[in-house]
Amino acid sequence: MSALRIAPLGAVSALALVMAMACSGAVAATPAAGPVAPVVHPQKWPDSHSPIGLDAKTEAKITALLKRMSLEEKVGQVIQPEIRNITPEEVTKYHIGTIENGGGSWPGQNKHATVADWVKASDTYYQAALKGNAEGIPLIWASDAVHGHNNVFGATLFPHNIALGAAHDPELIKRIGAATAEEVRSTGLDWAFAPTIAVARDDRWGRTYESYSEDPKIVAEYAAAMVEGLQGTGNAFLDKDHVIATAKHFLGDGSTDGGRDQGDSLASEDELIRLHAQGYASAIDAGVQSVMASYNSWHGIKMHANKALLTDVLKGRMGFDGMIMGDWNAHGQIPGCTNGDCPISFNAGLDIFNAPTDWKALDANMIREVKDGTIPMSRLDDAVRRILRVKFRAHVFDEPSPANRPDAGKPIGTPAHRAIARQAVAESLVLLKNDGVLPLKPSATILIAGDGADNIAMQSGGWTSSWQGTDNTNADFPGATSIYQGLKAQIEAAGGQALYSPDGTTPTKPDAAIIVFGETPYAEFMGDQPDVALHHDNADSLALIKKLKAEGVPVVAVMLSGRPLYVNPQINAADAFVAAWLPGSEGEGVADVLLGHKDFTGRLAFSWPKRPDQTPLNVGDANYDPQFAYGYGLSYAAPAQTPQLPEVADTTKYGEKNVYFTKGDVWNGYKISIGDANAPHMDYVGTRTTLYGHASLTVEPQADGALHAVWNGKSQAWLDVGADKPSDIAREANGAMMLAVTLRINAAPSDAVQLGVGSASVPISAELKALPGGSYQQVVVPLSCFSAQDLSKTPTVARLETAGTLDVSISDVRLVEVRGNGACPAN
């Protein structure tokens with residue numbers, strides 16, 4: 001039983017108390033007390049064995065350190081802030097032991113920060129940490145290096161995991177891990193939040209592309225290979241060329257109901273073991289030093305609060321003796337917890353809080369809770385021991401500061417690393433159809449078209465240079481090669497002609513055409529979909545294929561995607577169809593195969609659907625009926641005819657995730673309404689709409705698709721964006737998303753203007769008055785500014801309100817990735 005007591009819990013609810021006790025195995029909660037996870041049987045779980053083992057001398061050193069460390073120094077070791085929200089001086093003051101840079105965070109918040117900039121920043125934080133404790137305990141820095149050192153300008157970007165799974169090559173995975181580790185070390189960092197070893201079982205999930213396969217066997221093989229590549233083995237274990245690896249996210253993140261990111265897994269204990277735990281067993285057997293807990297729940301209990309799984313299973317039965325990391329503010333989602341206070345999670349077995357923003361409050365609360373017994377000192381000492389153990393194993397006590405390490409400042413994105421990535425691209429391509437058009441002759445005249453053809457951002461996907469990967473251009477990828485650039489180089493070298501036209505128009509009829517299309521970048525919940533059809537550019541890609549076919553041009557369709565998708569119309573229309581997944585920075589690997597220099601060797605590691613609603617779809621299911629089965633893939637050496645595939649009407653009106661209004665229309669089921677005290681709610685249906693009574697607000701469409709809204713100042717009036725049922729944007733708020741309204745000021749406000757979400761609002765009058773007139777500008781406000789309410793059930797996602805006069809044209813309302821310091825507008 002945990003040491004939680006009713007008296008010192010303060011604001012922690014009775015529900016949270018019962019939940020925490022239930023997770024520890026101490027009590028059986030009644031139905032009225034809230035959700036209770038199934039009973040866990042640790043003896044059924046894998047009995048793993050790390051090859052590292054405990055070193056008696058190291059453990060004695062740690063024991064001595066723990067005796068000398070102050071309470072404040074110990075707490076500083078278990079809290080991990082994000083670099084945007086902590087200064088080196090604060091690292092010293094609060095005795096911080098680890099930091100991270102989140103996706104889209106860089107030294108000086110410079111997206112193009114150089115390797116030297118990274119080394120300087122890492123050295124500065126390192127030196128600050130040494131000043132913060134009398135024992136000389138170094139700080140370690142973690143980064144989301146999930147497909148290469150993907151936050152860093154000029155890094156090698158390897159294919160995302162879904163592509164690597166199709167390559168069926170564990171040795172290649174080990175080489176990718178080693179190359180990634182070298183680039184991480186070049187920047188002075190110590191720790192990678194990789195590999196993701198989720199087993200995605202519902203492809204609607206927005207993180208499907210972070211999964212190697214629906215098959216736990218592939219995931220287990222790859223987990224071990226990537227850990228060994230990142231950390232090294234034998235005498236090379238965590239040496240100067242390697243970094244701490246992190247197996248994530250424990251446990252069942254790929255098994256949530258409906259594929260909802262951060263949702264609830266309803267898998268049985270046996271299913272968790274058979275499908276989702278195997279990668280962790282192999283990672284531990286390979287010596288992984290860090291495991292990250294998952295956002296998801298298991299039968300209603302958040303993993304960050306599940307002592308039975310974190311402590312009894314992972315640390316106990318599975319023998320994991322490293323450190324358990326939290327995910328970004330995930331502890332704050334536990335009932336009774338906040339981002340700045342969560343003893344439940346720590347007592348359940350979490351060793352390091354991922355606390356990017358509210359870390360000062362967390363620090364103060366943890367110190368208080370250890371003093372009053374809410375957190376036992378033994379639990380804190382265990383967590384600090386694990387952190388120090390990993391630091392000793394990583395030799396950070398012995399090696400010099402980041403700027404003085406042998407690998408510091410070495411070039412990244414080297415030809416050797418890019419060659420590995422190019423090989424990975426070629427091995428991961430899966431040929432689904434070839435009616436004799438492939439391989440193309442490089443000496444021919446070839447049209448290269450589609451919005452993905454010359455788009456390195458699109459071929460790299462999310463977790464690339466920024467979190468979502470949506471704000472990148474080719475200029476953000478020095479040394480990289482788009483698919484078009486790779487094809488052009490090889491075609492012209494063979495005496496052929498490469499014609500580039502995104503829309504397929506060309507004055508010369510080509511001998512063949514390659515159309516590159518697919519999904520635009522996304523990460524995490526922003527990629528969750530209601531089905532598995534290709535929605536982005538669906539009609540345009542199909543129309544382009546049919547147009548060129550009608551002109552007598554053979555067409556090769558190349559699809560970029562983070563999951564298998566229903567695209568039977570495109571497959572039927574094209575002469576050849578290639579699943580290229582998200583290949584990363586080395587687009588020339590696609591040319592290597594399309595032009596016949598290499599054969600197709602990729603085979604599906606995910607089952608391919610024949611209908612948009614055909615999910616979950618996994619090999620071994622009862623009534624398994626995919627369009628292309630797990631393991632499918634054609635080649636030049638073994639050609640086969642693909643028959644005409646069945647087509648179903650896709651009537652889903654779906655656009656980019658978390659877009660509410662754009663291009664003159666509402667998206668994703670949202671509506672626009674207006675109201676005032678006389679008429680609280682009137683739907684806007686695309687024509688001029690005026691509130692009756694004072695006519696205090698009028699809205700009408702503009703020729704450019706924007707919504708023209710005029711407040712006359714006679715009464716308080718508002719314009720709302722909402723849906724028929726409450727929206728759940730709690731994940732987006734936790735993930736530091738921002739509400740963005742793109743508008744043009746036609747006449748500045750005469751009185752206070754509020755921008756709201758649900759029942760909360762912030763003043764934006766100053767922001768509106770500062771905008772230049774005559775052009776569209778974006779006003780952004782962090783969703784966290786509206787979090788003093790239940791954002792999982794908010795009636796509106798945006799409200800613009802004023803009692804004064806205001807004349808604006810609104811062209812777009814959506815959520816975007818966090819920008820700047822994420823501060824709320826001041827009153």
# chains A, B, ... in the order shown; residues from 1 in each chain; ligands from 1
>>> select_by_dssp(residues="stretch 629-787 of chain A", states="alpha helix (DSSP H)", output="list in words")
Ala730, Arg731, Glu732, Ala733, Asn734, Ser765, Ala766, Glu767, Leu768, Lys769 and Ala770 of chain A
>>> write_last_selection(atoms="C-alpha atoms", output="mmCIF file, in the first residue's frame")
data_model
loop_
_atom_site.group_PDB
_atom_site.id
_atom_site.type_symbol
_atom_site.label_atom_id
_atom_site.label_comp_id
_atom_site.auth_asym_id
_atom_site.auth_seq_id
_atom_site.Cartn_x
_atom_site.Cartn_y
_atom_site.Cartn_z
ATOM 1 C CA ALA A 730 -8.218 18.461 -23.142
ATOM 2 C CA ARG A 731 -5.372 16.622 -24.896
ATOM 3 C CA GLU A 732 -4.730 19.597 -27.128
ATOM 4 C CA ALA A 733 -4.539 21.904 -24.122
ATOM 5 C CA ASN A 734 -2.139 19.576 -22.348
ATOM 6 C CA SER A 765 -8.364 44.192 -27.605
ATOM 7 C CA ALA A 766 -4.721 45.252 -27.488
ATOM 8 C CA GLU A 767 -3.733 42.512 -29.918
ATOM 9 C CA LEU A 768 -6.465 43.517 -32.359
ATOM 10 C CA LYS A 769 -5.610 47.207 -32.179
ATOM 11 C CA ALA A 770 -1.954 46.406 -32.865
#
>>> residues_around(residues="A:Val593", least_positions_apart="6", cutoff="12 Å", atoms="only C-alpha atoms", output="JSON list (two decimals) with all heavy atoms, in the first residue's frame")
[["chain", "number", "residue", "atom", "x", "y", "z"],
["A", 422, "ARG", "N", 19.22, 6.33, -46.87],
["A", 422, "ARG", "CA", 18.82, 6.05, -48.26],
["A", 422, "ARG", "C", 18.56, 4.56, -48.44],
["A", 422, "ARG", "O", 17.59, 4.17, -49.11],
["A", 422, "ARG", "CB", 19.91, 6.55, -49.20],
["A", 422, "ARG", "CG", 19.62, 6.33, -50.67],
["A", 422, "ARG", "CD", 20.67, 7.05, -51.51],
["A", 422, "ARG", "NE", 20.60, 6.70, -52.91],
["A", 422, "ARG", "CZ", 21.40, 7.21, -53.85],
["A", 422, "ARG", "NH1", 22.32, 8.11, -53.52],
["A", 422, "ARG", "NH2", 21.29, 6.83, -55.12],
["A", 423, "GLN", "N", 19.40, 3.72, -47.87],
["A", 423, "GLN", "CA", 19.17, 2.28, -47.93],
["A", 423, "GLN", "C", 17.85, 1.92, -47.25],
["A", 423, "GLN", "O", 17.07, 1.09, -47.76],
["A", 423, "GLN", "CB", 20.32, 1.53, -47.24],
["A", 423, "GLN", "CG", 20.10, 0.02, -47.18],
["A", 423, "GLN", "CD", 21.16, -0.68, -46.33],
["A", 423, "GLN", "OE1", 22.20, -0.11, -46.00],
["A", 423, "GLN", "NE2", 20.89, -1.93, -45.96],
["A", 424, "ALA", "N", 17.58, 2.56, -46.11],
["A", 424, "ALA", "CA", 16.34, 2.28, -45.38],
["A", 424, "ALA", "C", 15.12, 2.67, -46.20],
["A", 424, "ALA", "O", 14.09, 1.97, -46.19],
["A", 424, "ALA", "CB", 16.34, 3.02, -44.04],
["A", 425, "VAL", "N", 15.20, 3.79, -46.93],
["A", 425, "VAL", "CA", 14.09, 4.19, -47.80],
["A", 425, "VAL", "C", 13.84, 3.12, -48.85],
["A", 425, "VAL", "O", 12.69, 2.68, -49.06],
["A", 425, "VAL", "CB", 14.40, 5.55, -48.47],
["A", 425, "VAL", "CG1", 13.29, 5.89, -49.49],
["A", 425, "VAL", "CG2", 14.52, 6.65, -47.43],
["A", 426, "ALA", "N", 14.89, 2.68, -49.53],
["A", 426, "ALA", "CA", 14.73, 1.70, -50.59],
["A", 426, "ALA", "C", 14.16, 0.39, -50.07],
["A", 426, "ALA", "O", 13.29, -0.22, -50.71],
["A", 426, "ALA", "CB", 16.08, 1.46, -51.27],
["A", 427, "GLU", "N", 14.61, -0.04, -48.90],
["A", 427, "GLU", "CA", 14.15, -1.32, -48.35],
["A", 427, "GLU", "C", 12.72, -1.26, -47.82],
["A", 427, "GLU", "O", 12.08, -2.30, -47.66],
["A", 427, "GLU", "CB", 15.08, -1.78, -47.23],
["A", 427, "GLU", "CG", 16.45, -2.22, -47.70],
["A", 427, "GLU", "CD", 17.25, -2.88, -46.59],
["A", 427, "GLU", "OE1", 16.67, -3.30, -45.57],
["A", 427, "GLU", "OE2", 18.48, -2.98, -46.75],
["A", 428, "SER", "N", 12.22, -0.07, -47.54],
["A", 428, "SER", "CA", 10.90, 0.05, -46.91],
["A", 428, "SER", "C", 9.77, 0.24, -47.91],
["A", 428, "SER", "O", 8.60, 0.13, -47.54],
["A", 428, "SER", "CB", 10.90, 1.21, -45.91],
["A", 428, "SER", "OG", 11.10, 2.45, -46.57],
["A", 429, "LEU", "N", 10.06, 0.55, -49.16],
["A", 429, "LEU", "CA", 9.01, 0.76, -50.15],
["A", 429, "LEU", "C", 8.26, -0.55, -50.41],
["A", 429, "LEU", "O", 8.88, -1.60, -50.59],
["A", 429, "LEU", "CB", 9.60, 1.27, -51.46],
["A", 429, "LEU", "CG", 10.40, 2.58, -51.40],
["A", 429, "LEU", "CD1", 10.98, 2.90, -52.77],
["A", 429, "LEU", "CD2", 9.54, 3.73, -50.90],
["A", 430, "VAL", "N", 6.93, -0.47, -50.47],
["A", 430, "VAL", "CA", 6.12, -1.66, -50.73],
["A", 430, "VAL", "C", 5.35, -1.44, -52.03],
["A", 430, "VAL", "O", 4.60, -0.47, -52.17],
["A", 430, "VAL", "CB", 5.15, -1.95, -49.58],
["A", 430, "VAL", "CG1", 4.30, -3.18, -49.90],
["A", 430, "VAL", "CG2", 5.91, -2.17, -48.28],
["A", 431, "LEU", "N", 5.56, -2.34, -52.97],
["A", 431, "LEU", "CA", 4.88, -2.29, -54.27],
["A", 431, "LEU", "C", 3.55, -3.04, -54.17],
["A", 431, "LEU", "O", 3.54, -4.25, -53.95],
["A", 431, "LEU", "CB", 5.77, -2.91, -55.34],
["A", 431, "LEU", "CG", 5.25, -2.92, -56.77],
["A", 431, "LEU", "CD1", 5.03, -1.50, -57.29],
["A", 431, "LEU", "CD2", 6.19, -3.69, -57.69],
["A", 438, "LEU", "N", 6.67, -0.41, -64.22],
["A", 438, "LEU", "CA", 7.91, -0.31, -63.45],
["A", 438, "LEU", "C", 8.81, -1.51, -63.75],
["A", 438, "LEU", "O", 8.31, -2.62, -63.96],
["A", 438, "LEU", "CB", 7.60, -0.25, -61.94],
["A", 438, "LEU", "CG", 7.03, 1.04, -61.40],
["A", 438, "LEU", "CD1", 6.67, 0.87, -59.92],
["A", 438, "LEU", "CD2", 7.99, 2.19, -61.57],
["A", 439, "PRO", "N", 10.15, -1.32, -63.72],
["A", 439, "PRO", "CA", 10.87, -0.07, -63.46],
["A", 439, "PRO", "C", 10.83, 0.87, -64.65],
["A", 439, "PRO", "O", 10.77, 0.44, -65.80],
["A", 439, "PRO", "CB", 12.29, -0.54, -63.17],
["A", 439, "PRO", "CG", 12.42, -1.80, -63.97],
["A", 439, "PRO", "CD", 11.08, -2.46, -63.91],
["A", 440, "LEU", "N", 10.85, 2.16, -64.36],
["A", 440, "LEU", "CA", 10.91, 3.17, -65.41],
["A", 440, "LEU", "C", 12.33, 3.26, -65.97],
["A", 440, "LEU", "O", 13.31, 3.06, -65.24],
["A", 440, "LEU", "CB", 10.48, 4.53, -64.86],
["A", 440, "LEU", "CG", 9.05, 4.64, -64.35],
["A", 440, "LEU", "CD1", 8.82, 6.01, -63.71],
["A", 440, "LEU", "CD2", 8.04, 4.40, -65.48],
["A", 441, "LYS", "N", 12.43, 3.60, -67.24],
["A", 441, "LYS", "CA", 13.74, 3.80, -67.85],
["A", 441, "LYS", "C", 14.24, 5.21, -67.53],
["A", 441, "LYS", "O", 13.58, 6.18, -67.89],
["A", 441, "LYS", "CB", 13.65, 3.60, -69.35],
["A", 441, "LYS", "CG", 13.29, 2.18, -69.78],
["A", 441, "LYS", "CD", 13.24, 2.06, -71.29],
["A", 441, "LYS", "CE", 12.90, 0.63, -71.71],
["A", 441, "LYS", "NZ", 12.82, 0.49, -73.18],
["A", 442, "PRO", "N", 15.36, 5.33, -66.87],
["A", 442, "PRO", "CA", 15.85, 6.68, -66.52],
["A", 442, "PRO", "C", 16.21, 7.53, -67.74],
["A", 442, "PRO", "O", 16.32, 8.74, -67.62],
["A", 442, "PRO", "CB", 17.08, 6.39, -65.65],
["A", 442, "PRO", "CG", 17.49, 5.01, -65.98],
["A", 442, "PRO", "CD", 16.24, 4.27, -66.35],
["A", 483, "ILE", "N", 11.92, 13.70, -53.18],
["A", 483, "ILE", "CA", 11.73, 12.60, -54.13],
["A", 483, "ILE", "C", 11.97, 13.10, -55.55],
["A", 483, "ILE", "O", 12.65, 12.43, -56.35],
["A", 483, "ILE", "CB", 10.32, 12.01, -53.96],
["A", 483, "ILE", "CG1", 10.22, 11.31, -52.60],
["A", 483, "ILE", "CG2", 10.01, 11.03, -55.09],
["A", 483, "ILE", "CD1", 8.83, 10.82, -52.24],
["A", 486, "GLY", "N", 15.75, 13.58, -56.14],
["A", 486, "GLY", "CA", 16.42, 12.30, -56.31],
["A", 486, "GLY", "C", 16.17, 11.70, -57.67],
["A", 486, "GLY", "O", 17.08, 11.17, -58.32],
["A", 487, "LEU", "N", 14.92, 11.77, -58.14],
["A", 487, "LEU", "CA", 14.59, 11.26, -59.47],
["A", 487, "LEU", "C", 15.29, 12.08, -60.55],
["A", 487, "LEU", "O", 15.86, 11.53, -61.51],
["A", 487, "LEU", "CB", 13.08, 11.31, -59.67],
["A", 487, "LEU", "CG", 12.27, 10.25, -58.90],
["A", 487, "LEU", "CD1", 10.80, 10.65, -58.84],
["A", 487, "LEU", "CD2", 12.42, 8.88, -59.55],
["A", 490, "GLN", "N", 19.04, 11.21, -61.06],
["A", 490, "GLN", "CA", 19.30, 9.93, -61.72],
["A", 490, "GLN", "C", 18.82, 9.92, -63.15],
["A", 490, "GLN", "O", 19.45, 9.32, -64.03],
["A", 490, "GLN", "CB", 18.67, 8.80, -60.92],
["A", 490, "GLN", "CG", 19.30, 8.61, -59.54],
["A", 490, "GLN", "CD", 18.86, 7.34, -58.85],
["A", 490, "GLN", "OE1", 18.43, 6.39, -59.50],
["A", 490, "GLN", "NE2", 18.97, 7.30, -57.53],
["A", 558, "VAL", "N", 2.78, 7.22, -56.08],
["A", 558, "VAL", "CA", 3.61, 7.03, -54.89],
["A", 558, "VAL", "C", 2.91, 7.74, -53.73],
["A", 558, "VAL", "O", 2.75, 8.97, -53.77],
["A", 558, "VAL", "CB", 5.03, 7.58, -55.08],
["A", 558, "VAL", "CG1", 5.84, 7.43, -53.80],
["A", 558, "VAL", "CG2", 5.72, 6.87, -56.24],
["A", 578, "VAL", "N", 2.81, 2.52, -55.20],
["A", 578, "VAL", "CA", 3.87, 2.28, -54.23],
["A", 578, "VAL", "C", 3.51, 2.94, -52.91],
["A", 578, "VAL", "O", 3.20, 4.14, -52.87],
["A", 578, "VAL", "CB", 5.22, 2.83, -54.73],
["A", 578, "VAL", "CG1", 6.31, 2.62, -53.67],
["A", 578, "VAL", "CG2", 5.61, 2.19, -56.05],
["A", 580, "ALA", "N", 5.07, 4.45, -49.95],
["A", 580, "ALA", "CA", 6.40, 4.96, -49.59],
["A", 580, "ALA", "C", 6.47, 5.39, -48.14],
["A", 580, "ALA", "O", 7.54, 5.81, -47.68],
["A", 580, "ALA", "CB", 6.77, 6.14, -50.49],
["A", 587, "GLY", "N", 15.20, 11.31, -50.20],
["A", 587, "GLY", "CA", 14.23, 10.96, -51.23],
["A", 587, "GLY", "C", 14.82, 10.18, -52.38],
["A", 587, "GLY", "O", 14.10, 9.52, -53.13],
["A", 599, "ASP", "N", 15.63, -3.67, -56.49],
["A", 599, "ASP", "CA", 14.30, -4.26, -56.55],
["A", 599, "ASP", "C", 13.52, -3.89, -55.29],
["A", 599, "ASP", "O", 14.08, -3.50, -54.27],
["A", 599, "ASP", "CB", 14.41, -5.78, -56.67],
["A", 599, "ASP", "CG", 13.13, -6.43, -57.20],
["A", 599, "ASP", "OD1", 12.11, -5.71, -57.36],
["A", 599, "ASP", "OD2", 13.15, -7.65, -57.46],
["A", 600, "PHE", "N", 12.21, -4.03, -55.36],
["A", 600, "PHE", "CA", 11.36, -3.87, -54.19],
["A", 600, "PHE", "C", 11.56, -5.07, -53.27],
["A", 600, "PHE", "O", 11.43, -6.22, -53.69],
["A", 600, "PHE", "CB", 9.89, -3.79, -54.59],
["A", 600, "PHE", "CG", 9.47, -2.48, -55.18],
["A", 600, "PHE", "CD1", 9.52, -2.29, -56.55],
["A", 600, "PHE", "CD2", 9.02, -1.45, -54.37],
["A", 600, "PHE", "CE1", 9.12, -1.07, -57.11],
["A", 600, "PHE", "CE2", 8.62, -0.23, -54.92],
["A", 600, "PHE", "CZ", 8.68, -0.05, -56.29],
["A", 601, "THR", "N", 11.88, -4.79, -52.00],
["A", 601, "THR", "CA", 12.01, -5.86, -51.01],
["A", 601, "THR", "C", 11.07, -5.63, -49.82],
["A", 601, "THR", "O", 10.96, -6.51, -48.96],
["A", 601, "THR", "CB", 13.45, -5.97, -50.49],
["A", 601, "THR", "OG1", 13.84, -4.71, -49.92],
["A", 601, "THR", "CG2", 14.41, -6.34, -51.62],
["A", 602, "GLY", "N", 10.41, -4.48, -49.74],
["A", 602, "GLY", "CA", 9.54, -4.17, -48.63],
["A", 602, "GLY", "C", 8.29, -5.03, -48.64],
["A", 602, "GLY", "O", 7.73, -5.33, -49.71],
["A", 635, "SER", "N", 7.40, -7.50, -56.35],
["A", 635, "SER", "CA", 8.76, -7.14, -56.70],
["A", 635, "SER", "C", 8.95, -7.33, -58.19],
["A", 635, "SER", "O", 8.10, -7.92, -58.88],
["A", 635, "SER", "CB", 9.76, -8.02, -55.94],
["A", 635, "SER", "OG", 9.69, -9.37, -56.37],
["A", 636, "TYR", "N", 10.07, -6.84, -58.72],
["A", 636, "TYR", "CA", 10.39, -7.07, -60.12],
["A", 636, "TYR", "C", 10.69, -8.55, -60.36],
["A", 636, "TYR", "O", 10.35, -9.11, -61.41],
["A", 636, "TYR", "CB", 11.59, -6.23, -60.55],
["A", 636, "TYR", "CG", 11.38, -4.73, -60.39],
["A", 636, "TYR", "CD1", 12.42, -3.91, -59.98],
["A", 636, "TYR", "CD2", 10.14, -4.15, -60.64],
["A", 636, "TYR", "CE1", 12.25, -2.55, -59.83],
["A", 636, "TYR", "CE2", 9.95, -2.79, -60.49],
["A", 636, "TYR", "CZ", 11.00, -1.98, -60.08],
["A", 636, "TYR", "OH", 10.82, -0.62, -59.94]]
>>> select_by_dssp(residues="stretch 36-170 of chain A", states="strand (DSSP E or B)", output="number ranges by chain")
A: 79-80, 82, 98-101, 140-143
>>> residues_around(residues="A:Thr506", least_positions_apart="5", cutoff="12 Å", atoms="only C-alpha atoms", output="list in words")
Thr445, Ile446, Leu447, Ile448, Ala449, Ala498, Leu499, Tyr500, Ser501, Ala513, Leu548, Glu551 and Val553 of chain A
>>> atom_distance(atom1="atom CA of A:Ala475", atom2="atom CA of A:Glu492")
23.0 Å
>>> closest_residue(among="A:Leu310, A:Ala457, A:Ile284, A:Met737", to="A:Glu524", atoms="only C-alpha atoms")
A:Met737
>>> residues_around(residues="A:Tyr660", least_positions_apart="2", cutoff="7 Å", atoms="only C-alpha atoms", output="mmCIF file with C-alpha atoms, in the first residue's frame")
data_model
loop_
_atom_site.group_PDB
_atom_site.id
_atom_site.type_symbol
_atom_site.label_atom_id
_atom_site.label_comp_id
_atom_site.auth_asym_id
_atom_site.auth_seq_id
_atom_site.Cartn_x
_atom_site.Cartn_y
_atom_site.Cartn_z
ATOM 1 C CA ASN A 658 -8.544 20.538 -35.422
ATOM 2 C CA THR A 662 -11.415 27.717 -43.349
ATOM 3 C CA VAL A 666 -16.841 24.835 -41.358
ATOM 4 C CA TRP A 667 -14.960 21.530 -41.048
ATOM 5 C CA ASN A 668 -15.086 18.376 -38.959
ATOM 6 C CA TYR A 670 -18.424 22.254 -36.415
ATOM 7 C CA VAL A 813 -10.149 29.276 -37.067
ATOM 8 C CA ARG A 814 -8.065 26.296 -35.957
#
>>> residues_around(residues="stretch 711-727 of chain A", least_positions_apart="3", cutoff="6 Å", atoms="only C-alpha atoms", output="list in words")
Tyr670, Lys671, Ile672, Ser673, Ile674, Gly675, Asp676, Ser696, Leu697, Lys793, Thr794, Pro795, Thr796, Val797, Ala798, Arg799, Leu800, Glu801, Thr802, Ala803, Gly804, Thr805 and Leu806 of chain A
>>> closest_residue(among="A:Ser443, A:Asn455, A:Gln262, A:Asn572", to="A:Ala489", atoms="only C-alpha atoms")
A:Ser443
>>> residues_around(residues="A:Leu71", least_positions_apart="5", cutoff="9 Å", atoms="only C-alpha atoms", output="ChimeraX atom specification")
/A:76,367,370-371,377
>>> write_last_selection(atoms="all heavy atoms", output="compact mmCIF listing (two decimals), in the first residue's frame")
# COMPACT_ATOMS: atom_id res chain seq x y z
N GLY A 76 15.21 17.84 -6.88
CA GLY A 76 15.67 18.40 -8.15
C GLY A 76 16.05 17.35 -9.17
O GLY A 76 15.93 17.57 -10.38
N ILE A 367 8.65 18.70 -2.09
CA ILE A 367 9.40 18.91 -0.85
C ILE A 367 8.46 18.86 0.34
O ILE A 367 8.73 18.20 1.36
CB ILE A 367 10.16 20.25 -0.92
CG1 ILE A 367 11.30 20.16 -1.95
CG2 ILE A 367 10.71 20.62 0.46
CD1 ILE A 367 11.95 21.49 -2.26
N VAL A 370 7.16 15.17 0.89
CA VAL A 370 8.12 14.27 1.54
C VAL A 370 8.20 14.58 3.02
O VAL A 370 8.23 13.68 3.87
CB VAL A 370 9.51 14.38 0.87
CG1 VAL A 370 10.54 13.55 1.64
CG2 VAL A 370 9.45 13.91 -0.58
N LYS A 371 8.18 15.85 3.36
CA LYS A 371 8.25 16.25 4.76
C LYS A 371 7.03 15.77 5.54
O LYS A 371 7.16 15.35 6.71
CB LYS A 371 8.38 17.76 4.88
CG LYS A 371 9.74 18.31 4.47
CD LYS A 371 9.79 19.82 4.60
CE LYS A 371 11.15 20.38 4.24
NZ LYS A 371 11.19 21.87 4.35
N MET A 377 10.14 8.95 2.09
CA MET A 377 11.54 9.22 1.75
C MET A 377 12.14 8.00 1.02
O MET A 377 12.98 8.15 0.14
CB MET A 377 12.35 9.56 3.00
CG MET A 377 13.82 9.82 2.72
SD MET A 377 14.14 11.22 1.60
CE MET A 377 13.93 12.58 2.76
>>> residues_around(residues="stretch 637-648 of chain A", least_positions_apart="6", cutoff="12 Å", atoms="only C-alpha atoms", output="PyMOL selection string")
chain A and resi 431-439+533+566-577+596+598-601+609-614+626-628
>>> closest_residue(among="A:Gln529, A:Thr187, A:Ser48, A:Asn339", to="A:Gln278", atoms="only C-alpha atoms")
A:Ser48
>>> atom_distance(atom1="atom CA of A:Tyr776", atom2="atom CA of A:Thr742")
6.3 Å
>>> closest_atom_pairs(of="stretch 102-149 of chain A", to="stretch 80-96 of chain A", cutoff="9 Å", atoms="only C-alpha atoms", output="Markdown table")
| residue | atom | partner | partner_atom | distance |
| --- | --- | --- | --- | --- |
| A:Gly102 | CA | A:Glu82 | CA | 6.6 |
| A:Ser105 | CA | A:Arg84 | CA | 7.1 |
| A:Trp106 | CA | A:Ile83 | CA | 8.0 |
| A:Pro107 | CA | A:Ile83 | CA | 7.9 |
| A:Gly108 | CA | A:Arg84 | CA | 8.5 |
| A:Gln109 | CA | A:Arg84 | CA | 7.6 |
| A:Thr124 | CA | A:Pro88 | CA | 6.8 |
| A:Tyr125 | CA | A:Pro88 | CA | 5.2 |
| A:Tyr126 | CA | A:Pro88 | CA | 8.4 |
| A:Gln127 | CA | A:Pro88 | CA | 8.4 |
| A:Ala128 | CA | A:Thr92 | CA | 5.1 |
| A:Ala129 | CA | A:Thr92 | CA | 5.2 |
| A:Leu130 | CA | A:Thr92 | CA | 7.4 |
| A:Lys131 | CA | A:Thr92 | CA | 5.7 |
| A:Gly132 | CA | A:Thr92 | CA | 4.0 |
| A:Asn133 | CA | A:His95 | CA | 6.1 |
| A:Leu139 | CA | A:Ile96 | CA | 7.2 |
>>> decode(residues="stretch 269-281 of chain A", atoms="C-alpha atoms", output="PDB file, in the first residue's frame")
ATOM      1  CA  GLU A 269      -4.081  -8.593 -19.080  1.00  0.00           C
ATOM      2  CA  ASP A 270      -3.236 -11.529 -21.344  1.00  0.00           C
ATOM      3  CA  GLU A 271      -3.543  -9.285 -24.428  1.00  0.00           C
ATOM      4  CA  LEU A 272      -1.315  -6.654 -22.838  1.00  0.00           C
ATOM      5  CA  ILE A 273       1.304  -9.328 -22.226  1.00  0.00           C
ATOM      6  CA  ARG A 274       1.032 -11.106 -25.590  1.00  0.00           C
ATOM      7  CA  LEU A 275       0.738  -8.047 -27.822  1.00  0.00           C
ATOM      8  CA  HIS A 276       2.114  -4.997 -26.033  1.00  0.00           C
ATOM      9  CA  ALA A 277       4.688  -6.094 -23.457  1.00  0.00           C
ATOM     10  CA  GLN A 278       6.972  -8.118 -25.716  1.00  0.00           C
ATOM     11  CA  GLY A 279       8.907  -5.091 -26.949  1.00  0.00           C
ATOM     12  CA  TYR A 280       9.636  -4.036 -23.375  1.00  0.00           C
ATOM     13  CA  ALA A 281      10.869  -7.511 -22.487  1.00  0.00           C
TER      14      ALA A 281
END
